[in-house]
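This is coords_35.pdb. It holds PDB, C-alpha atoms and all ligand atoms.
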ATOM      1  CA  MET A   1      23.795 -24.607  15.585
ATOM      2  CA  ASN A   2      26.209 -23.752  12.752
ATOM      3  CA  GLU A   3      25.546 -21.332   9.902
ATOM      4  CA  ALA A   4      24.489 -23.981   7.400
ATOM      5  CA  GLU A   5      21.952 -25.441   9.821
ATOM      6  CA  GLU A   6      20.622 -21.975  10.617
ATOM      7  CA  ALA A   7      20.249 -21.076   6.956
ATOM      8  CA  ALA A   8      18.332 -24.298   6.444
ATOM      9  CA  LEU A   9      15.603 -23.177   8.863
ATOM     10  CA  ILE A  10      14.194 -21.241   5.942
ATOM     11  CA  THR A  11      14.399 -22.283   2.301
ATOM     12  CA  TYR A  12      14.586 -19.553  -0.327
ATOM     13  CA  GLU A  13      14.395 -19.620  -4.083
ATOM     14  CA  MET A  14      13.384 -17.224  -6.828
ATOM     15  CA  ARG A  15      10.624 -18.307  -9.223
ATOM     16  CA  GLY A  16      10.765 -15.600 -11.857
ATOM     17  CA  ASP A  17      10.023 -12.395  -9.951
ATOM     18  CA  VAL A  18       8.542 -14.240  -6.961
ATOM     19  CA  ALA A  19      10.525 -15.202  -3.843
ATOM     20  CA  LEU A  20       9.429 -18.606  -2.562
ATOM     21  CA  VAL A  21      10.149 -18.772   1.163
ATOM     22  CA  GLY A  22       9.705 -22.091   2.965
ATOM     23  CA  LEU A  23       9.425 -22.538   6.720
ATOM     24  CA  ASN A  24      11.756 -25.491   7.125
ATOM     25  CA  ARG A  25      11.664 -27.074  10.521
ATOM     26  CA  PRO A  26       9.174 -29.819   9.725
ATOM     27  CA  GLU A  27      10.299 -32.110  12.552
ATOM     28  CA  LYS A  28       9.094 -29.431  14.995
ATOM     29  CA  ARG A  29       6.093 -28.507  12.838
ATOM     30  CA  ASN A  30       7.850 -25.267  11.858
ATOM     31  CA  ALA A  31       7.607 -23.977  15.433
ATOM     32  CA  ILE A  32       9.053 -20.471  15.548
ATOM     33  CA  SER A  33      12.220 -20.254  17.659
ATOM     34  CA  ASP A  34      14.298 -17.094  18.113
ATOM     35  CA  ARG A  35      16.727 -18.269  15.407
ATOM     36  CA  PHE A  36      13.829 -19.091  13.140
ATOM     37  CA  VAL A  37      12.547 -15.506  13.407
ATOM     38  CA  GLU A  38      15.999 -14.211  12.387
ATOM     39  CA  ALA A  39      16.225 -16.611   9.438
ATOM     40  CA  LEU A  40      12.766 -15.463   8.336
ATOM     41  CA  ALA A  41      13.821 -11.826   8.734
ATOM     42  CA  ASP A  42      16.813 -12.423   6.426
ATOM     43  CA  ALA A  43      14.616 -14.060   3.798
ATOM     44  CA  VAL A  44      12.100 -11.221   3.945
ATOM     45  CA  GLU A  45      14.846  -8.595   3.550
ATOM     46  CA  ARG A  46      16.333 -10.463   0.613
ATOM     47  CA  ALA A  47      12.938 -10.715  -1.060
ATOM     48  CA  ARG A  48      12.281  -7.020  -0.520
ATOM     49  CA  ARG A  49      15.499  -6.316  -2.449
ATOM     50  CA  GLU A  50      15.153  -8.718  -5.339
ATOM     51  CA  ALA A  51      11.544  -9.891  -5.743
ATOM     52  CA  LYS A  52       8.295  -8.262  -6.827
ATOM     53  CA  ALA A  53       6.144 -10.572  -4.680
ATOM     54  CA  GLY A  54       6.686 -13.341  -2.146
ATOM     55  CA  VAL A  55       5.122 -16.650  -1.139
ATOM     56  CA  ILE A  56       5.558 -18.155   2.320
ATOM     57  CA  PHE A  57       4.735 -21.832   2.821
ATOM     58  CA  GLY A  58       5.502 -24.558   5.352
ATOM     59  CA  ASN A  59       7.582 -27.635   4.556
ATOM     60  CA  GLY A  60       6.231 -30.881   6.029
ATOM     61  CA  LYS A  61       2.800 -31.791   7.417
ATOM     62  CA  HIS A  62       1.820 -28.351   8.669
ATOM     63  CA  PHE A  63       2.216 -24.678   7.874
ATOM     64  CA  CYS A  64       3.295 -23.686  11.378
ATOM     65  CA  ALA A  65       2.704 -24.739  15.016
ATOM     66  CA  GLY A  66       3.375 -21.226  16.341
ATOM     67  CA  LEU A  67       5.792 -20.178  19.021
ATOM     68  CA  ASP A  68       8.506 -22.698  19.922
ATOM     69  CA  LEU A  69       7.180 -23.465  23.384
ATOM     70  CA  SER A  70      10.431 -25.159  24.448
ATOM     71  CA  GLU A  71      12.224 -21.786  24.411
ATOM     72  CA  HIS A  72       9.671 -20.136  26.652
ATOM     73  CA  VAL A  73       9.730 -22.229  29.757
ATOM     74  CA  LYS A  74      12.329 -20.093  31.509
ATOM     75  CA  LYS A  75      12.207 -16.603  30.020
ATOM     76  CA  SER A  76      12.045 -13.415  32.055
ATOM     77  CA  ALA A  77       9.186 -10.977  31.486
ATOM     78  CA  PHE A  78      11.571  -8.534  29.833
ATOM     79  CA  GLU A  79      12.997 -11.178  27.502
ATOM     80  CA  GLY A  80       9.435 -12.041  26.583
ATOM     81  CA  VAL A  81       8.636  -8.423  25.712
ATOM     82  CA  GLU A  82      11.786  -8.121  23.609
ATOM     83  CA  GLY A  83      11.000 -11.366  21.808
ATOM     84  CA  SER A  84       7.458 -10.249  21.062
ATOM     85  CA  ARG A  85       8.695  -6.850  19.819
ATOM     86  CA  ARG A  86      11.108  -8.625  17.469
ATOM     87  CA  TRP A  87       8.243 -10.663  16.010
ATOM     88  CA  HIS A  88       6.373  -7.381  15.548
ATOM     89  CA  GLU A  89       9.335  -5.884  13.659
ATOM     90  CA  VAL A  90       9.821  -8.855  11.378
ATOM     91  CA  PHE A  91       6.119  -9.421  10.677
ATOM     92  CA  GLY A  92       5.767  -5.656  10.185
ATOM     93  CA  ARG A  93       8.344  -5.890   7.362
ATOM     94  CA  ILE A  94       5.977  -8.370   5.702
ATOM     95  CA  GLU A  95       2.844  -6.344   6.378
ATOM     96  CA  PHE A  96       4.115  -2.922   5.316
ATOM     97  CA  GLY A  97       6.767  -3.375   2.652
ATOM     98  CA  PRO A  98       7.256  -2.757  -1.034
ATOM     99  CA  ILE A  99       6.113  -6.222  -2.164
ATOM    100  CA  PRO A 100       2.951  -8.248  -1.548
ATOM    101  CA  TRP A 101       3.165 -11.535   0.371
ATOM    102  CA  PHE A 102       0.994 -14.580  -0.230
ATOM    103  CA  CYS A 103       0.827 -17.289   2.443
ATOM    104  CA  ALA A 104       0.178 -20.827   1.228
ATOM    105  CA  LEU A 105      -1.452 -22.679   4.123
ATOM    106  CA  HIS A 106      -1.968 -26.351   4.905
ATOM    107  CA  GLY A 107      -2.422 -28.401   8.069
ATOM    108  CA  ALA A 108      -1.992 -26.546  11.353
ATOM    109  CA  VAL A 109      -1.965 -22.747  11.217
ATOM    110  CA  VAL A 110      -1.751 -22.270  14.925
ATOM    111  CA  GLY A 111      -0.917 -19.506  17.381
ATOM    112  CA  GLY A 112       2.104 -17.621  16.065
ATOM    113  CA  GLY A 113       1.648 -19.415  12.728
ATOM    114  CA  LEU A 114      -1.686 -17.671  12.320
ATOM    115  CA  GLU A 115      -0.086 -14.411  13.433
ATOM    116  CA  LEU A 116       2.541 -14.819  10.714
ATOM    117  CA  ALA A 117      -0.118 -15.612   8.113
ATOM    118  CA  SER A 118      -2.104 -12.569   9.272
ATOM    119  CA  ALA A 119       0.818 -10.309   8.350
ATOM    120  CA  ALA A 120       0.642 -11.395   4.698
ATOM    121  CA  GLN A 121      -1.670  -9.606   2.299
ATOM    122  CA  VAL A 122      -3.267 -12.775   0.886
ATOM    123  CA  ARG A 123      -3.771 -16.209   2.421
ATOM    124  CA  VAL A 124      -4.486 -19.326   0.361
ATOM    125  CA  ALA A 125      -5.650 -22.312   2.424
ATOM    126  CA  ASP A 126      -5.895 -25.873   1.183
ATOM    127  CA  GLU A 127      -8.632 -28.209   2.438
ATOM    128  CA  THR A 128      -6.399 -29.700   5.152
ATOM    129  CA  THR A 129      -5.879 -26.323   6.804
ATOM    130  CA  PHE A 130      -7.105 -25.701  10.330
ATOM    131  CA  PHE A 131      -6.745 -22.603  12.445
ATOM    132  CA  ALA A 132      -6.438 -22.410  16.237
ATOM    133  CA  LEU A 133      -5.240 -20.059  18.950
ATOM    134  CA  PRO A 134      -4.278 -22.334  21.864
ATOM    135  CA  GLU A 135      -2.540 -19.581  23.833
ATOM    136  CA  GLY A 136      -5.141 -19.717  26.623
ATOM    137  CA  GLN A 137      -4.536 -23.431  27.107
ATOM    138  CA  ARG A 138      -0.777 -22.822  27.276
ATOM    139  CA  GLY A 139      -1.180 -20.049  29.856
ATOM    140  CA  ILE A 140       0.091 -17.337  27.518
ATOM    141  CA  PHE A 141      -1.279 -14.683  25.156
ATOM    142  CA  VAL A 142      -0.717 -13.861  21.500
ATOM    143  CA  GLY A 143       2.556 -11.942  21.081
ATOM    144  CA  GLY A 144       3.208 -11.869  17.346
ATOM    145  CA  GLY A 145       0.709  -9.149  16.486
ATOM    146  CA  GLY A 146      -2.377 -11.382  16.602
ATOM    147  CA  SER A 147      -4.440  -9.192  18.898
ATOM    148  CA  VAL A 148      -4.090  -6.434  16.311
ATOM    149  CA  ARG A 149      -3.832  -8.156  12.914
ATOM    150  CA  THR A 150      -5.713 -11.426  13.406
ATOM    151  CA  ALA A 151      -8.447  -9.699  15.412
ATOM    152  CA  ARG A 152      -8.921  -7.235  12.570
ATOM    153  CA  LEU A 153      -9.257 -10.033  10.054
ATOM    154  CA  MET A 154     -11.837 -12.140  11.837
ATOM    155  CA  GLY A 155     -13.241  -9.735  14.422
ATOM    156  CA  VAL A 156     -12.806  -9.595  18.181
ATOM    157  CA  ALA A 157     -15.815 -11.815  19.024
ATOM    158  CA  ARG A 158     -14.554 -14.733  16.925
ATOM    159  CA  MET A 159     -11.007 -14.408  18.162
ATOM    160  CA  THR A 160     -12.205 -14.210  21.738
ATOM    161  CA  ASP A 161     -14.190 -17.426  21.242
ATOM    162  CA  MET A 162     -11.179 -19.215  19.722
ATOM    163  CA  MET A 163      -8.862 -18.089  22.507
ATOM    164  CA  LEU A 164     -11.260 -18.818  25.367
ATOM    165  CA  THR A 165     -12.576 -22.176  24.173
ATOM    166  CA  GLY A 166      -9.624 -23.550  22.202
ATOM    167  CA  ARG A 167     -11.919 -23.855  19.182
ATOM    168  CA  SER A 168     -10.269 -25.066  15.977
ATOM    169  CA  ILE A 169     -11.810 -24.033  12.679
ATOM    170  CA  ASP A 170     -11.479 -25.621   9.250
ATOM    171  CA  ALA A 171     -10.464 -24.018   5.962
ATOM    172  CA  ASP A 172     -13.985 -23.156   4.806
ATOM    173  CA  THR A 173     -14.856 -21.515   8.108
ATOM    174  CA  GLY A 174     -11.508 -19.730   7.979
ATOM    175  CA  GLU A 175     -12.445 -18.366   4.568
ATOM    176  CA  ARG A 176     -15.821 -17.164   5.851
ATOM    177  CA  TRP A 177     -14.034 -15.549   8.791
ATOM    178  CA  ASN A 178     -11.571 -13.765   6.539
ATOM    179  CA  LEU A 179      -8.521 -15.801   7.588
ATOM    180  CA  ALA A 180      -8.108 -17.016   4.010
ATOM    181  CA  GLN A 181      -9.202 -15.434   0.745
ATOM    182  CA  TYR A 182      -8.965 -18.738  -1.183
ATOM    183  CA  VAL A 183      -9.568 -22.417  -0.381
ATOM    184  CA  VAL A 184      -8.067 -24.919  -2.825
ATOM    185  CA  PRO A 185      -7.813 -28.749  -2.923
ATOM    186  CA  ALA A 186      -5.338 -30.485  -0.608
ATOM    187  CA  GLY A 187      -1.727 -29.947  -1.658
ATOM    188  CA  LYS A 188      -2.491 -27.096  -4.060
ATOM    189  CA  SER A 189      -1.985 -24.000  -1.922
ATOM    190  CA  VAL A 190       1.633 -23.334  -2.957
ATOM    191  CA  GLU A 191       0.783 -23.629  -6.637
ATOM    192  CA  LYS A 192      -2.183 -21.254  -6.262
ATOM    193  CA  ALA A 193      -0.225 -18.768  -4.136
ATOM    194  CA  LEU A 194       2.592 -18.759  -6.709
ATOM    195  CA  GLU A 195       0.108 -18.137  -9.513
ATOM    196  CA  LEU A 196      -1.460 -15.217  -7.623
ATOM    197  CA  ALA A 197       1.906 -13.798  -6.611
ATOM    198  CA  ALA A 198       3.185 -13.977 -10.192
ATOM    199  CA  ARG A 199       0.113 -12.031 -11.279
ATOM    200  CA  ALA A 200       0.567  -9.379  -8.570
ATOM    201  CA  ALA A 201       4.237  -9.111  -9.562
ATOM    202  CA  THR A 202       3.210  -7.739 -12.956
ATOM    203  CA  ASN A 203       1.358  -4.760 -11.434
ATOM    204  CA  ALA A 204       2.984  -1.353 -11.248
ATOM    205  CA  ASP A 205       5.291  -1.250  -8.181
ATOM    206  CA  LEU A 206       3.737   1.985  -6.986
ATOM    207  CA  SER A 207       0.200   0.613  -7.191
ATOM    208  CA  ASN A 208       1.202  -2.451  -5.168
ATOM    209  CA  TYR A 209       2.954  -0.221  -2.654
ATOM    210  CA  ALA A 210      -0.180   1.891  -2.240
ATOM    211  CA  VAL A 211      -2.442  -1.140  -1.852
ATOM    212  CA  ILE A 212      -0.143  -2.689   0.769
ATOM    213  CA  ASN A 213       0.668   0.433   2.748
ATOM    214  CA  VAL A 214      -2.368   2.654   2.367
ATOM    215  CA  LEU A 215      -5.428   0.382   2.407
ATOM    216  CA  PRO A 216      -4.810  -1.150   5.875
ATOM    217  CA  ARG A 217      -4.257   2.317   7.364
ATOM    218  CA  MET A 218      -7.479   3.791   5.990
ATOM    219  CA  PRO A 219      -9.818   2.396   8.674
ATOM    220  CA  GLU A 220      -7.766   4.263  11.266
ATOM    221  CA  MET A 221      -8.312   7.591   9.521
ATOM    222  CA  SER A 222     -11.420   9.721   9.605
ATOM    223  CA  ARG A 223     -13.569   9.511   6.445
ATOM    224  CA  ASP A 224     -12.431  12.975   5.446
ATOM    225  CA  ASP A 225      -8.744  12.232   5.952
ATOM    226  CA  GLY A 226      -9.134   8.926   4.128
ATOM    227  CA  LEU A 227     -10.811  10.489   1.118
ATOM    228  CA  LEU A 228      -8.218  13.237   0.885
ATOM    229  CA  MET A 229      -5.411  10.678   1.189
ATOM    230  CA  GLU A 230      -7.067   8.615  -1.539
ATOM    231  CA  SER A 231      -7.129  11.564  -3.935
ATOM    232  CA  PHE A 232      -3.429  12.160  -3.441
ATOM    233  CA  ILE A 233      -2.440   8.508  -3.821
ATOM    234  CA  SER A 234      -4.692   8.159  -6.816
ATOM    235  CA  SER A 235      -3.198  11.164  -8.564
ATOM    236  CA  PHE A 236       0.363  10.268  -7.523
ATOM    237  CA  THR A 237       0.097   6.780  -9.011
ATOM    238  CA  ALA A 238      -1.774   7.893 -12.136
ATOM    239  CA  THR A 239       0.857  10.501 -13.029
ATOM    240  CA  SER A 240       3.794   8.075 -12.803
ATOM    241  CA  PRO A 241       5.493   7.216 -16.128
ATOM    242  CA  GLU A 242       4.594   3.573 -15.590
ATOM    243  CA  ALA A 243       0.898   4.385 -15.325
ATOM    244  CA  GLU A 244       1.038   6.551 -18.426
ATOM    245  CA  GLU A 245       2.610   3.735 -20.413
ATOM    246  CA  ARG A 246       0.027   1.234 -19.129
ATOM    247  CA  LEU A 247      -2.929   3.526 -19.828
ATOM    248  CA  ILE A 248      -1.736   4.155 -23.389
ATOM    249  CA  ALA A 249      -1.153   0.417 -23.868
ATOM    250  CA  PHE A 250      -4.780  -0.246 -22.963
ATOM    251  CA  LEU A 251      -6.100   2.501 -25.229
ATOM    252  CA  GLU A 252      -3.996   1.153 -28.087
ATOM    253  CA  LYS A 253      -5.413  -2.324 -27.398
ATOM    254  CA  ARG A 254      -2.024  -3.711 -26.393
ATOM    255  CA  ALA A 255      -3.066  -4.562 -22.821
ATOM    256  CA  ALA A 256      -5.264  -7.385 -21.565
ATOM    257  CA  LYS A 257      -8.941  -6.664 -20.906
ATOM    258  CA  VAL A 258     -10.471  -7.502 -17.560
ATOM    259  CA  ALA A 259     -11.484 -11.177 -17.644
ATOM    260  CA  ALA A 260     -14.809 -12.407 -16.276
ATOM    261  CA  PRO A 261     -14.481 -14.966 -13.444
ATOM    262  CA  GLY A 262     -13.449 -18.357 -14.799
ATOM    263  CA  GLY A 263     -12.010 -16.750 -17.931
ATOM    264  CA  ARG A 264     -15.364 -16.429 -19.788
TER
HETATM  265  C1  LIG A 301       6.606 -28.187  19.078
HETATM  266  C2  LIG A 301       5.555 -27.288  18.831
HETATM  267  C3  LIG A 301       5.668 -25.970  19.389
HETATM  268  C4  LIG A 301       5.071 -29.135  17.871
HETATM  269  N1  LIG A 301       6.771 -25.688  20.111
HETATM  270  N2  LIG A 301       7.669 -27.851  19.805
HETATM  271  N3  LIG A 301       1.506 -23.797  19.683
HETATM  272  C5  LIG A 301       0.791 -24.829  20.117
HETATM  273  O1  LIG A 301       0.313 -24.875  21.222
HETATM  274  C6  LIG A 301       0.677 -25.981  19.155
HETATM  275  C7  LIG A 301       1.415 -27.166  19.682
HETATM  276  N4  LIG A 301       1.523 -28.215  18.666
HETATM  277  C8  LIG A 301       0.499 -29.047  18.378
HETATM  278  O2  LIG A 301      -0.614 -28.944  18.863
HETATM  279  C9  LIG A 301       0.792 -30.142  17.395
HETATM  280  O3  LIG A 301       2.207 -30.339  17.345
HETATM  281  C10 LIG A 301       0.312 -29.870  15.955
HETATM  282  C11 LIG A 301      -1.222 -29.948  15.896
HETATM  283  C12 LIG A 301       0.771 -28.522  15.438
HETATM  284  C13 LIG A 301       0.898 -30.954  15.006
HETATM  285  O4  LIG A 301       0.602 -32.240  15.517
HETATM  286  P1  LIG A 301       1.464 -33.503  14.999
HETATM  287  O5  LIG A 301       0.839 -34.725  15.607
HETATM  288  O6  LIG A 301       1.632 -33.449  13.532
HETATM  289  O7  LIG A 301       2.952 -33.278  15.591
HETATM  290  P2  LIG A 301       3.508 -33.546  17.076
HETATM  291  O8  LIG A 301       3.838 -34.998  17.258
HETATM  292  O9  LIG A 301       2.629 -32.939  18.101
HETATM  293  O10 LIG A 301       4.849 -32.672  17.091
HETATM  294  C14 LIG A 301       6.052 -33.105  16.466
HETATM  295  C15 LIG A 301       7.201 -32.502  17.251
HETATM  296  O11 LIG A 301       7.143 -31.077  17.174
HETATM  297  C16 LIG A 301       7.112 -32.838  18.750
HETATM  298  O12 LIG A 301       8.449 -32.893  19.228
HETATM  299  P3  LIG A 301       9.195 -34.319  19.493
HETATM  300  O13 LIG A 301      10.535 -33.927  20.033
HETATM  301  O14 LIG A 301       8.306 -35.078  20.453
HETATM  302  O15 LIG A 301       9.262 -34.987  18.145
HETATM  303  C17 LIG A 301       6.451 -31.620  19.341
HETATM  304  O16 LIG A 301       6.767 -31.411  20.704
HETATM  305  C18 LIG A 301       7.086 -30.530  18.487
HETATM  306  N5  LIG A 301       6.263 -29.324  18.465
HETATM  307  N6  LIG A 301       4.619 -27.895  18.075
HETATM  308  C19 LIG A 301       7.732 -26.621  20.312
HETATM  309  N7  LIG A 301       4.737 -25.042  19.180
HETATM  310  C20 LIG A 301       4.546 -14.886  19.882
HETATM  311  S1  LIG A 301       3.293 -15.545  20.773
HETATM  312  C21 LIG A 301       2.657 -16.874  19.910
HETATM  313  C22 LIG A 301       1.961 -17.790  20.860
HETATM  314  C23 LIG A 301       1.752 -19.144  20.285
HETATM  315  O17 LIG A 301       2.122 -19.441  19.188
HETATM  316  S2  LIG A 301       0.946 -20.237  21.309
HETATM  317  C24 LIG A 301       0.683 -21.652  20.332
HETATM  318  C25 LIG A 301       1.797 -22.627  20.473
END

Take the structure from the file and write it as structure tokens.
Amino acid sequence: MNEAEEAALITYEMRGDVALVGLNRPEKRNAISDRFVEALADAVERARREAKAGVIFGNGKHFCAGLDLSEHVKKSAFEGVEGSRRWHEVFGRIEFGPIPWFCALHGAVVGGGLELASAAQVRVADETTFFALPEGQRGIFVGGGGSVRTARLMGVARMTDMMLTGRSIDADTGERWNLAQYVVPAGKSVEKALELAARAATNADLSNYAVINVLPRMPEMSRDDGLLMESFISSFTATSPEAEERLIAFLEKRAAKVAAPGGR
């Protein structure tokens, strides 16, 4: 594969302050090969440098069919561990970075595709979305962080059921199970994710950083440690020049009020 073909595995464009990253291997349902992981890593690094939020979506009929199974027929155990650790690194750059990521889902969100989506902060599913973890049927196990991230989103019992029985769930069930925070009409997930990302991009950088990096770590702390940490983060953000300017803007009636749902 030459450089141009490799670059084309992932599409990348800036929409204002938002990086729009497209999984672009539709003929293989965006199955994640080793090269694909590297192309995604490059896009994520670029977005971390130049964007204030990111959207990941899948080109073609599906968001992502997970691990490229054709590359895993003849791998050694050690190569498998290294591959899995690389997924962890790259997805970790999405999970714990300076900018929030919004995944726009449609069609199959399967195996490693669901693991990728689980690394984002917000998932927007359209009505065609379905989630599955067919690892058990393939004789393998999740390796892209799913047993940690996806299990935390939906809970161990539900994930165990999906992995043991091959159960597929639809978008509405996925929303109830915490795999998506929004369900929108078919074909609208990218538009909605872009709208949400553009909104998040206007927040103070430090507030976004704290939400992304502190909130997910809190459940692992004791209540006492968590509350102390919260006081420090709260004071640290509130005393930044950006916060001061935003607080004064509100008091001087130059900033938007909180809107009721539906803009009432
Ligand atoms: C693939 C892959 C893949 C499709 N690796 N080549 N993931 C899975 O077990 C899911 C396997 N895929 C499917 O069940 C279906 O492809 C879909 C439901 C996602 C989509 O169905 P459909 O009818 O739209 O597409 P298709 O005809 O099945 O696939 C089109 C092509 O993509 C076909 O190749 P072709 O050469 O015959 O055209 C498929 O073989 C190919 N393709 N999915 C390789 N996954 C770090 S651990 C993570 C562990 C996992 O992710 S396990 C879950 C793996």

Box along x, y and z, 3 Å on every side, all listed atoms of segment 227-245 of chain A inside: centre and edge lengths in Å to one decimal, as JSON.
{"center_x": -2.7, "center_y": 8.4, "center_z": -9.6, "size_x": 22.3, "size_y": 15.7, "size_z": 27.6}

Which residues fall under the PyMOL selection byres (((not hetatm)) within 8 of (chain A and resi 301)) in this file, as a PyMOL selection string?
chain A and resi 26-32+61-62+64-71+83-84+87+108-113+115+133-135+137-138+140-145

Segment 91-116 of chain A residues near segment 187-200 of chain A within 9 Å, closest pair each, using only C-alpha atoms, as a Markdown table:
| residue | atom | partner | partner_atom | distance |
| --- | --- | --- | --- | --- |
| A:Pro100 | CA | A:Ala200 | CA | 7.5 |
| A:Trp101 | CA | A:Ala197 | CA | 7.4 |
| A:Phe102 | CA | A:Ala193 | CA | 5.9 |
| A:Cys103 | CA | A:Ala193 | CA | 6.8 |
| A:Ala104 | CA | A:Ser189 | CA | 5.0 |
| A:Leu105 | CA | A:Ser189 | CA | 6.2 |
| A:His106 | CA | A:Ser189 | CA | 7.2 |

Between A:Phe91, A:Phe131, A:Phe96, A:Phe250, which residue has the minimum interatomic distance to Tyr209 of chain A, considering all atoms listed in the file?
A:Phe96

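For Val148 of chain A, the set of protein, DNA and RNA residues having any atom at most 12 Å away, when counting all atoms listed in the file and skipping those fewer than 4 positions along the same chain, is His88, Gly92, Glu115, Ser118, Ala119, Val142, Gly143, Gly144, Arg152, Leu153, Met154, Gly155, Val156, Met159 and Pro216 of chain A.
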
Output of the PyMOL selection byres (((chain A and resi 50) around 12) and not hetatm), listed as a compact mmCIF listing (two decimals) with C-alpha atoms, keeping the file's coordinate frame:
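Result file follows (part_28.txt):
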# COMPACT_ATOMS: atom_id res chain seq x y z
CA TYR A 12 14.59 -19.55 -0.33
CA GLU A 13 14.40 -19.62 -4.08
CA MET A 14 13.38 -17.22 -6.83
CA ARG A 15 10.62 -18.31 -9.22
CA GLY A 16 10.76 -15.60 -11.86
CA ASP A 17 10.02 -12.40 -9.95
CA VAL A 18 8.54 -14.24 -6.96
CA ALA A 19 10.52 -15.20 -3.84
CA LEU A 20 9.43 -18.61 -2.56
CA ALA A 43 14.62 -14.06 3.80
CA VAL A 44 12.10 -11.22 3.94
CA GLU A 45 14.85 -8.60 3.55
CA ARG A 46 16.33 -10.46 0.61
CA ALA A 47 12.94 -10.72 -1.06
CA ARG A 48 12.28 -7.02 -0.52
CA ARG A 49 15.50 -6.32 -2.45
CA ALA A 51 11.54 -9.89 -5.74
CA LYS A 52 8.30 -8.26 -6.83
CA ALA A 53 6.14 -10.57 -4.68
CA GLY A 54 6.69 -13.34 -2.15
CA PRO A 98 7.26 -2.76 -1.03
CA ILE A 99 6.11 -6.22 -2.16
CA ALA A 201 4.24 -9.11 -9.56

Among A:Ile212, A:Ala238, A:Leu251, A:Val37, Val90 of chain A is approached most closely, using only C-alpha atoms, by A:Val37
